[in-house]
Amino acid sequence: MRLNYIMKIESQLKRYRTISTNRLTSRILDGSYVSMYKGRSMNFDELREYEQGDDIRDIDFKASARNPQGKFLVKQYIAEKKHNIMLCIDTNKRMLAHTPSGYEKRETALMTAGTLACLVSKNGDYVSATFSNDKLMEHYPFKNGTINIENILEQYYKAVNMNNESTLTDSLKYIIRNYRRRMIILIVTDIEGIRSIDENILRQIRAVNDVLLVCVEDAQATGGNVYSVKNASYLPEFLTGDKKLAKILQQKKQDVYEECEAKLKRYGIAHSIINSCEEIDTKIIELLEKHKKN
């Protein structure tokens, strides 16, 4: 596999910071991570139900046979361990629109998720991803390494198309249903994506996990040729060139941003706004600094 996206990301990275988390079960201690770890030759902690991605060698068959619900149980251990990073990236067709700097939102989202994935992979962390291709949920198990990241990014790019009407809530519901482990979840979407996330879902996922969010900014709807992805057509010039309308739209946009910012603040979710690929590395570092203060 040619690492096209990885090479592009690596060429843009200017500096590296270690990711930190404020959850008690997964916090930094002198550069090491303390987390719940499914492994062997460690300190045994407890039994829990088998989850997708668990090693079958960790199944306790004797305990499973005694389980009244008839479900497999795995041994859970405590060890110094790297983080599990889940990428939850918006694949709705809105991501085919552009940012103020002229980049496609899909490309900006891809580079953002890939940049964080590359940073944490260098530290030995495991990266997973969940997103919808509109027909079914795409899920990639936790792995380390650049090939895993390249595959995730390549499949994400293909998933964003004009037929995709999926929502982030669908992806987050999938994560809630299938994962009980604590993770750091990076959500990458646009402002409409933030508005669409059900608050009950946000509450559930934030109660267990650390959540970071990147909002890819939308281009202005005025001035020059403006293409509407939703309507699959260019907006008429009498609308895009109207200064009075531009002022109204700008105020509306500001109101929506403030509404979404308040929503994220209620659940202690650090977020950053990105409008170009050139600023991704600095915005990621800014996001991590905000997260440390939450």
# chains A, B, ... in the order shown; residues from 1 in each chain; ligands from 1
$ residues_around --residues "stretch 125-135 of chain A" --least-positions-apart "5" --cutoff "6 Å" --atoms "only C-alpha atoms" --output "MDAnalysis selection string"
chainID A and resid 82:89 120 140:144 159 164 166 171
$ residues_around --residues "stretch 46-55 of chain A" --least-positions-apart "4" --cutoff "6 Å" --atoms "only C-alpha atoms" --output "VMD selection string"
chain A and resid 72 to 76
$ atom_distance --atom1 "atom CA of A:Ile149" --atom2 "atom CA of A:Ala117"
6.8 Å
$ closest_residue --among "A:Met95, A:Glu10, A:Glu286, A:Lys158" --to "A:Lys122" --atoms "only C-alpha atoms"
A:Glu10
$ closest_residue --among "A:Asn151, A:Thr115, A:Ser121, A:Asn178" --to "A:Ile284" --atoms "only C-alpha atoms"
A:Thr115
$ decode --residues "stretch 88-183 of chain A" --atoms "C-alpha atoms" --output "compact mmCIF listing (two decimals), in the first residue's frame"
# COMPACT_ATOMS: atom_id res chain seq x y z
CA CYS A 88 -15.35 9.54 14.50
CA ILE A 89 -15.41 11.49 11.22
CA ASP A 90 -18.47 12.99 9.52
CA THR A 91 -19.12 11.42 6.10
CA ASN A 92 -22.31 13.32 5.21
CA LYS A 93 -22.29 14.83 1.71
CA ARG A 94 -21.98 18.28 3.33
CA MET A 95 -18.27 17.46 3.69
CA LEU A 96 -17.94 17.87 -0.10
CA ALA A 97 -18.48 21.62 0.33
CA HIS A 98 -15.57 24.00 0.85
CA THR A 99 -13.90 25.91 3.66
CA PRO A 100 -13.27 29.71 3.56
CA SER A 101 -9.73 29.02 2.31
CA GLY A 102 -11.05 27.00 -0.64
CA TYR A 103 -10.20 23.50 0.61
CA GLU A 104 -12.77 20.74 0.37
CA LYS A 105 -14.13 20.01 3.86
CA ARG A 106 -13.60 16.29 3.25
CA GLU A 107 -9.90 16.87 2.62
CA THR A 108 -9.55 19.10 5.67
CA ALA A 109 -11.35 16.58 7.90
CA LEU A 110 -9.21 13.74 6.54
CA MET A 111 -5.97 15.63 7.16
CA THR A 112 -7.09 16.66 10.65
CA ALA A 113 -7.97 13.13 11.78
CA GLY A 114 -4.84 11.79 10.10
CA THR A 115 -2.59 14.34 11.78
CA LEU A 116 -3.77 13.41 15.28
CA ALA A 117 -3.58 9.71 14.39
CA CYS A 118 0.04 10.10 13.22
CA LEU A 119 1.00 12.01 16.35
CA VAL A 120 -0.39 9.40 18.75
CA SER A 121 0.84 6.48 16.64
CA LYS A 122 4.40 7.74 17.07
CA ASN A 123 3.82 7.38 20.80
CA GLY A 124 2.68 3.76 20.36
CA ASP A 125 -1.02 4.47 20.85
CA TYR A 126 -3.73 2.45 19.09
CA VAL A 127 -6.00 4.08 16.51
CA SER A 128 -9.50 3.01 15.47
CA ALA A 129 -12.22 4.66 13.39
CA THR A 130 -15.98 4.55 13.01
CA PHE A 131 -17.94 6.26 10.25
CA SER A 132 -20.84 5.54 7.93
CA ASN A 133 -20.70 4.99 4.18
CA ASP A 134 -24.49 5.54 4.20
CA LYS A 135 -25.22 1.87 3.53
CA LEU A 136 -23.50 0.40 6.56
CA MET A 137 -21.21 1.39 9.42
CA GLU A 138 -17.50 1.23 8.65
CA HIS A 139 -15.46 0.16 11.67
CA TYR A 140 -11.71 -0.34 11.96
CA PRO A 141 -10.33 -2.12 15.06
CA PHE A 142 -7.66 -0.61 17.29
CA LYS A 143 -4.22 -1.03 15.73
CA ASN A 144 -0.89 0.72 15.72
CA GLY A 145 1.07 1.75 12.65
CA THR A 146 0.91 3.90 9.54
CA ILE A 147 -0.69 1.25 7.31
CA ASN A 148 -3.72 1.16 9.62
CA ILE A 149 -4.03 4.96 9.48
CA GLU A 150 -3.59 5.09 5.69
CA ASN A 151 -6.33 2.50 5.23
CA ILE A 152 -8.73 4.45 7.49
CA LEU A 153 -8.10 7.70 5.60
CA GLU A 154 -8.44 6.09 2.19
CA GLN A 155 -11.77 4.48 3.08
CA TYR A 156 -13.05 7.70 4.67
CA TYR A 157 -12.33 9.62 1.46
CA LYS A 158 -14.38 7.09 -0.53
CA ALA A 159 -17.25 7.14 1.98
CA VAL A 160 -17.96 10.86 1.49
CA ASN A 161 -20.10 11.17 -1.63
CA MET A 162 -23.28 12.81 -2.88
CA ASN A 163 -25.40 9.82 -1.82
CA ASN A 164 -24.27 9.89 1.81
CA GLU A 165 -27.00 11.20 4.11
CA SER A 166 -25.57 9.70 7.32
CA THR A 167 -25.37 11.51 10.65
CA LEU A 168 -22.74 11.56 13.39
CA THR A 169 -25.37 10.39 15.86
CA ASP A 170 -25.47 7.05 14.01
CA SER A 171 -21.71 6.61 14.43
CA LEU A 172 -21.76 7.63 18.09
CA LYS A 173 -24.63 5.22 18.79
CA TYR A 174 -22.57 2.44 17.25
CA ILE A 175 -19.64 3.27 19.54
CA ILE A 176 -21.90 3.31 22.62
CA ARG A 177 -23.44 -0.07 21.70
CA ASN A 178 -20.17 -1.83 20.91
CA TYR A 179 -17.56 -0.36 23.27
CA ARG A 180 -17.35 -0.30 27.03
CA ARG A 181 -13.65 0.47 27.22
CA ARG A 182 -12.53 4.03 27.93
CA MET A 183 -11.20 5.88 24.90
